[in-house]
Amino acid sequence: MDTKSEMKEEKSSKPEYALVIHGGAGTITRADMTADQEAAYLAGLDSALEAGKSVLANGGTALEAVEAAIVLMEDNPLFNAGKGAVFTNEGKNELDASVMQGQDLMAGSVGSVTTIKNPIRAAIAVMQKSEHVMMIGAGAEKFAALNGLEIVDPTYFYTESRWNSLQKAKEKEAEKEKQDAATRHGTVGAVALDKSGNIAAGTSTGGMTNKRFNRIGDAPIIGAGTYASNETCGISATGHGEYFIRLGVAHAIHAQMKYGKSSLADAAADVIQKQLTALGGDGGIIGLDKKGNIVMEFNSEGMYRGWILPDKKYTEIFKED
Ligand code: ASP
């Protein structure tokens, strides 16, 4: 384990590889969580980091590491992506995911899919096996099946805790009370730098509890929830997606680095702490630059997050004291 503060120092030597992940941001406080729950989340983050690290250490690509880390979190019911996806107002699970690689700016995404077990793999298939960037709904599902991805019955995504969150959200809506941001959203994401110096970023989510009308958030939108360029950085976002779309958060951080010559840390702090906060949005991002500098910036109470380098790793949920 290590401390975040160490990562604030600009790196003088580039690590051989690096990986940073998140499992969603929101009103996550120590008071609301039992020690067992905390341990389970930390273990989920840790296994995703180890899965990505083993890809990178063996010479795999940043994209493969992002896929490995995200698939583990999609399969873990604790996180709002894949198996743990939240419910829509109609009691369905509609999933969004995206991926981008920094060496050629290739990208892929899927939105509002209901039968693809691992939406991040569908986003990768869109990037690698089609001439498009984004596919949604039934078309995306057909494309995934044609490309051999695992298709599940929509009931696969049922979890009791997410179902209960939907019932609570509906009660609060009826009482016109503000919904609790902790149960309302969540997302998973990963950004990796491989031994060849390539950066990749990916994001996968069930979106926001009680969403309607085929609402799609920032997660599958390239430039909002995900961006990667070898020239600057890779970014994956989590939070109230509408705000992230309106600010083009992931691309805004890239653009401040590219055109304004900002560091990753300064660009992320400006976009999250100033711009997102001023607009009234909550959430955060994880990212890394081509030198392996890592950032985990959020304006919410907490964010499930962690990073791993060849010789160190870090996981945390709450704000640091
Ligand atoms: N950004 C996601 C969305 O708006 C949710 C989240 O990350 O909490 O769909």
# chains A, B, ... in the order shown; residues from 1 in each chain; ligands from 1
call {"tool": "residues_near_ligand", "arguments": {"ligand": "ligand 1", "cutoff": "8 Å", "atoms": "only C-alpha atoms and all ligand atoms", "output": "count of residues only"}}
result
27
call {"tool": "select_by_dssp", "arguments": {"residues": "stretch 99-193 of chain A", "states": "helix (DSSP H, G or I)", "output": "JSON, numbers by chain"}}
result
{"A": [119, 120, 121, 122, 123, 124, 125, 126, 127, 128, 129, 137, 138, 139, 140, 141, 142, 143, 144, 145, 146, 154, 155, 156, 157, 160, 161, 162, 163, 164, 165, 166, 167, 168, 169, 170, 171, 172, 173, 174, 181, 182, 183, 184]}
call {"tool": "residues_around", "arguments": {"residues": "A:Gly23", "least_positions_apart": "6", "cutoff": "9 Å", "atoms": "only C-alpha atoms", "output": "PyMOL selection string"}}
result
chain A and resi 41+44-45+73+78-81+186-190+238+303-306
call {"tool": "write_last_selection", "arguments": {"atoms": "all heavy atoms", "output": "short mmCIF file (atom, residue, chain, number, x, y, z; two decimals), in the first residue's frame"}}
result
data_model
loop_
_atom_site.label_atom_id
_atom_site.label_comp_id
_atom_site.auth_asym_id
_atom_site.auth_seq_id
_atom_site.Cartn_x
_atom_site.Cartn_y
_atom_site.Cartn_z
N TYR A 41 -15.48 -4.30 -0.93
CA TYR A 41 -15.19 -3.35 -2.02
C TYR A 41 -13.68 -3.29 -2.30
O TYR A 41 -13.25 -3.29 -3.45
CB TYR A 41 -15.71 -1.95 -1.69
CG TYR A 41 -17.17 -1.78 -2.02
CD1 TYR A 41 -18.14 -1.72 -1.03
CD2 TYR A 41 -17.59 -1.65 -3.35
CE1 TYR A 41 -19.48 -1.56 -1.33
CE2 TYR A 41 -18.94 -1.49 -3.66
CZ TYR A 41 -19.87 -1.45 -2.65
OH TYR A 41 -21.20 -1.29 -2.97
N GLY A 44 -12.61 -6.27 -4.16
CA GLY A 44 -13.05 -6.19 -5.57
C GLY A 44 -12.11 -5.32 -6.38
O GLY A 44 -11.73 -5.66 -7.51
N LEU A 45 -11.72 -4.18 -5.79
CA LEU A 45 -10.77 -3.30 -6.49
C LEU A 45 -9.43 -3.99 -6.64
O LEU A 45 -8.80 -3.94 -7.71
CB LEU A 45 -10.59 -1.99 -5.69
CG LEU A 45 -11.79 -1.05 -5.64
CD1 LEU A 45 -11.53 0.07 -4.62
CD2 LEU A 45 -12.10 -0.45 -7.01
N MET A 73 -14.78 -6.28 -12.65
CA MET A 73 -15.72 -5.41 -11.92
C MET A 73 -17.14 -5.54 -12.47
O MET A 73 -18.11 -5.44 -11.72
CB MET A 73 -15.22 -3.96 -11.93
CG MET A 73 -13.96 -3.79 -11.08
SD MET A 73 -13.49 -2.06 -10.82
CE MET A 73 -12.72 -1.69 -12.40
N LEU A 78 -21.11 -6.01 -6.65
CA LEU A 78 -20.98 -4.80 -5.82
C LEU A 78 -20.95 -3.53 -6.66
O LEU A 78 -21.31 -2.45 -6.20
CB LEU A 78 -19.69 -4.85 -5.01
CG LEU A 78 -19.63 -5.83 -3.85
CD1 LEU A 78 -18.25 -5.78 -3.22
CD2 LEU A 78 -20.71 -5.50 -2.83
N PHE A 79 -20.47 -3.64 -7.89
CA PHE A 79 -20.30 -2.42 -8.71
C PHE A 79 -21.43 -2.26 -9.71
O PHE A 79 -21.93 -3.25 -10.26
CB PHE A 79 -18.95 -2.48 -9.43
CG PHE A 79 -17.77 -2.56 -8.50
CD1 PHE A 79 -17.04 -3.73 -8.37
CD2 PHE A 79 -17.42 -1.46 -7.72
CE1 PHE A 79 -15.96 -3.81 -7.49
CE2 PHE A 79 -16.35 -1.53 -6.84
CZ PHE A 79 -15.62 -2.71 -6.72
N ASN A 80 -21.78 -1.01 -9.96
CA ASN A 80 -22.88 -0.71 -10.89
C ASN A 80 -22.39 -0.79 -12.34
O ASN A 80 -22.16 0.22 -13.00
CB ASN A 80 -23.45 0.68 -10.58
CG ASN A 80 -24.48 1.10 -11.61
OD1 ASN A 80 -25.04 0.27 -12.35
ND2 ASN A 80 -24.72 2.40 -11.69
N ALA A 81 -22.23 -2.01 -12.80
CA ALA A 81 -21.82 -2.30 -14.18
C ALA A 81 -22.00 -3.79 -14.34
O ALA A 81 -21.84 -4.53 -13.35
CB ALA A 81 -20.36 -1.93 -14.42
N GLY A 186 -23.11 5.02 -9.92
CA GLY A 186 -21.91 4.17 -9.78
C GLY A 186 -21.49 3.81 -11.19
O GLY A 186 -22.24 4.04 -12.13
N THR A 187 -20.31 3.32 -11.35
CA THR A 187 -19.76 2.99 -12.68
C THR A 187 -18.43 2.32 -12.41
O THR A 187 -17.90 2.45 -11.31
CB THR A 187 -19.55 4.29 -13.50
OG1 THR A 187 -20.78 4.77 -14.00
CG2 THR A 187 -18.61 4.13 -14.68
N VAL A 188 -17.86 1.62 -13.38
CA VAL A 188 -16.48 1.17 -13.23
C VAL A 188 -15.66 1.70 -14.40
O VAL A 188 -16.21 1.96 -15.48
CB VAL A 188 -16.37 -0.37 -13.15
CG1 VAL A 188 -17.28 -0.92 -12.06
CG2 VAL A 188 -16.67 -1.05 -14.48
N GLY A 189 -14.37 1.84 -14.18
CA GLY A 189 -13.51 2.33 -15.25
C GLY A 189 -12.08 1.94 -15.01
O GLY A 189 -11.68 1.63 -13.87
N ALA A 190 -11.30 1.94 -16.09
CA ALA A 190 -9.87 1.61 -15.97
C ALA A 190 -9.09 2.38 -17.04
O ALA A 190 -9.60 2.59 -18.14
CB ALA A 190 -9.66 0.11 -16.14
N THR A 238 -16.78 9.02 -13.64
CA THR A 238 -17.95 8.48 -12.95
C THR A 238 -18.64 9.62 -12.22
O THR A 238 -17.97 10.50 -11.66
CB THR A 238 -17.58 7.37 -11.94
OG1 THR A 238 -18.76 7.03 -11.20
CG2 THR A 238 -16.48 7.78 -10.97
N MET A 303 -14.98 7.86 -3.57
CA MET A 303 -14.90 7.21 -4.89
C MET A 303 -14.11 5.91 -4.69
O MET A 303 -13.02 5.92 -4.12
CB MET A 303 -14.20 8.12 -5.91
CG MET A 303 -14.08 7.49 -7.30
SD MET A 303 -13.65 8.70 -8.60
CE MET A 303 -11.86 8.79 -8.39
N TYR A 304 -14.69 4.79 -5.11
CA TYR A 304 -13.96 3.52 -5.08
C TYR A 304 -12.83 3.65 -6.10
O TYR A 304 -13.09 3.93 -7.27
CB TYR A 304 -14.88 2.37 -5.48
CG TYR A 304 -16.10 2.26 -4.60
CD1 TYR A 304 -17.35 2.65 -5.06
CD2 TYR A 304 -16.00 1.77 -3.30
CE1 TYR A 304 -18.48 2.56 -4.26
CE2 TYR A 304 -17.12 1.67 -2.49
CZ TYR A 304 -18.35 2.06 -2.97
OH TYR A 304 -19.46 1.97 -2.17
N ARG A 305 -11.59 3.43 -5.67
CA ARG A 305 -10.50 3.73 -6.60
C ARG A 305 -9.22 3.00 -6.21
O ARG A 305 -9.07 2.59 -5.05
CB ARG A 305 -10.24 5.24 -6.61
CG ARG A 305 -9.81 5.80 -5.26
CD ARG A 305 -9.97 7.31 -5.19
NE ARG A 305 -9.43 7.88 -3.97
CZ ARG A 305 -10.08 7.95 -2.80
NH1 ARG A 305 -11.27 7.44 -2.66
NH2 ARG A 305 -9.49 8.50 -1.74
N GLY A 306 -8.31 2.90 -7.17
CA GLY A 306 -7.02 2.28 -6.86
C GLY A 306 -6.08 2.35 -8.04
O GLY A 306 -6.52 2.61 -9.17
#
call {"tool": "residues_around", "arguments": {"residues": "A:Gln37", "least_positions_apart": "6", "cutoff": "12 Å", "atoms": "only C-alpha atoms", "output": "MDAnalysis selection string"}}
result
chainID A and resid 28:31 43:44 78 317
call {"tool": "atom_distance", "arguments": {"atom1": "atom CA of A:Pro154", "atom2": "atom CA of A:Lys92"}}
result
7.8 Å
call {"tool": "decode", "arguments": {"residues": "stretch 98-111 of chain A", "atoms": "all heavy atoms", "output": "CSV table (one decimal), in the first residue's frame"}}
result
chain,number,residue,atom,x,y,z
A,98,SER,N,-17.8,2.1,-22.9
A,98,SER,CA,-17.0,2.6,-24.0
A,98,SER,C,-15.5,2.3,-23.8
A,98,SER,O,-15.1,2.1,-22.6
A,98,SER,CB,-17.2,4.1,-24.2
A,98,SER,OG,-16.7,4.8,-23.0
A,99,VAL,N,-14.8,2.4,-24.8
A,99,VAL,CA,-13.3,2.2,-24.8
A,99,VAL,C,-12.6,3.1,-25.8
A,99,VAL,O,-13.2,3.4,-26.8
A,99,VAL,CB,-13.1,0.7,-25.0
A,99,VAL,CG1,-13.2,0.3,-26.4
A,99,VAL,CG2,-11.7,0.3,-24.5
A,100,MET,N,-11.4,3.5,-25.5
A,100,MET,CA,-10.6,4.2,-26.5
A,100,MET,C,-9.1,3.9,-26.3
A,100,MET,O,-8.7,3.7,-25.2
A,100,MET,CB,-10.8,5.7,-26.2
A,100,MET,CG,-10.2,6.6,-27.3
A,100,MET,SD,-10.9,8.3,-27.3
A,100,MET,CE,-10.0,9.0,-28.6
A,101,GLN,N,-8.4,3.9,-27.4
A,101,GLN,CA,-7.0,3.6,-27.3
A,101,GLN,C,-6.2,4.8,-27.9
A,101,GLN,O,-6.6,5.4,-28.9
A,101,GLN,CB,-6.6,2.3,-28.0
A,101,GLN,CG,-6.9,2.2,-29.5
A,101,GLN,CD,-6.6,0.8,-30.0
A,101,GLN,OE1,-6.7,-0.2,-29.3
A,101,GLN,NE2,-6.3,0.8,-31.3
A,102,GLY,N,-5.1,5.1,-27.2
A,102,GLY,CA,-4.4,6.4,-27.4
A,102,GLY,C,-3.5,6.5,-28.6
A,102,GLY,O,-3.1,7.6,-29.0
A,103,GLN,N,-3.1,5.3,-29.2
A,103,GLN,CA,-2.1,5.4,-30.2
A,103,GLN,C,-2.7,5.8,-31.6
A,103,GLN,O,-2.0,6.4,-32.4
A,103,GLN,CB,-1.4,4.1,-30.4
A,103,GLN,CG,-2.2,2.9,-30.8
A,103,GLN,CD,-2.7,2.1,-29.7
A,103,GLN,OE1,-3.2,2.7,-28.7
A,103,GLN,NE2,-2.8,0.8,-29.8
A,104,ASP,N,-4.0,5.6,-31.8
A,104,ASP,CA,-4.6,5.9,-33.1
A,104,ASP,C,-6.0,6.6,-32.9
A,104,ASP,O,-6.7,6.8,-33.9
A,104,ASP,CB,-4.7,4.7,-34.0
A,104,ASP,CG,-5.4,3.5,-33.2
A,104,ASP,OD1,-6.0,3.7,-32.1
A,104,ASP,OD2,-5.4,2.4,-33.8
A,105,LEU,N,-6.3,6.9,-31.6
A,105,LEU,CA,-7.6,7.5,-31.3
A,105,LEU,C,-8.8,6.6,-31.8
A,105,LEU,O,-9.9,7.1,-32.0
A,105,LEU,CB,-7.8,8.9,-31.9
A,105,LEU,CG,-6.7,9.9,-31.5
A,105,LEU,CD1,-7.0,11.3,-32.0
A,105,LEU,CD2,-6.4,9.9,-30.0
A,106,MET,N,-8.6,5.3,-31.9
A,106,MET,CA,-9.8,4.4,-32.2
A,106,MET,C,-10.6,4.3,-30.9
A,106,MET,O,-10.1,4.3,-29.8
A,106,MET,CB,-9.3,3.1,-32.6
A,106,MET,CG,-8.6,3.1,-34.0
A,106,MET,SD,-9.8,3.5,-35.4
A,106,MET,CE,-10.6,1.9,-35.5
A,107,ALA,N,-11.9,4.2,-31.1
A,107,ALA,CA,-12.8,4.1,-30.0
A,107,ALA,C,-14.1,3.3,-30.4
A,107,ALA,O,-14.4,3.1,-31.5
A,107,ALA,CB,-13.3,5.5,-29.6
A,108,GLY,N,-14.7,2.7,-29.3
A,108,GLY,CA,-15.9,2.0,-29.5
A,108,GLY,C,-16.8,2.1,-28.3
A,108,GLY,O,-16.4,2.3,-27.2
A,109,SER,N,-18.2,2.1,-28.6
A,109,SER,CA,-19.1,2.1,-27.4
A,109,SER,C,-20.4,1.5,-27.7
A,109,SER,O,-20.8,1.4,-28.9
A,109,SER,CB,-19.2,3.6,-27.0
A,109,SER,OG,-20.2,4.3,-27.7
A,110,VAL,N,-21.1,1.1,-26.6
A,110,VAL,CA,-22.5,0.6,-26.7
A,110,VAL,C,-23.3,1.3,-25.7
A,110,VAL,O,-22.8,1.7,-24.6
A,110,VAL,CB,-22.5,-0.9,-26.5
A,110,VAL,CG1,-21.8,-1.7,-27.6
A,110,VAL,CG2,-22.0,-1.4,-25.2
A,111,GLY,N,-24.6,1.5,-26.0
A,111,GLY,CA,-25.5,2.1,-25.1
A,111,GLY,C,-26.8,1.4,-25.0
A,111,GLY,O,-27.2,0.7,-26.0
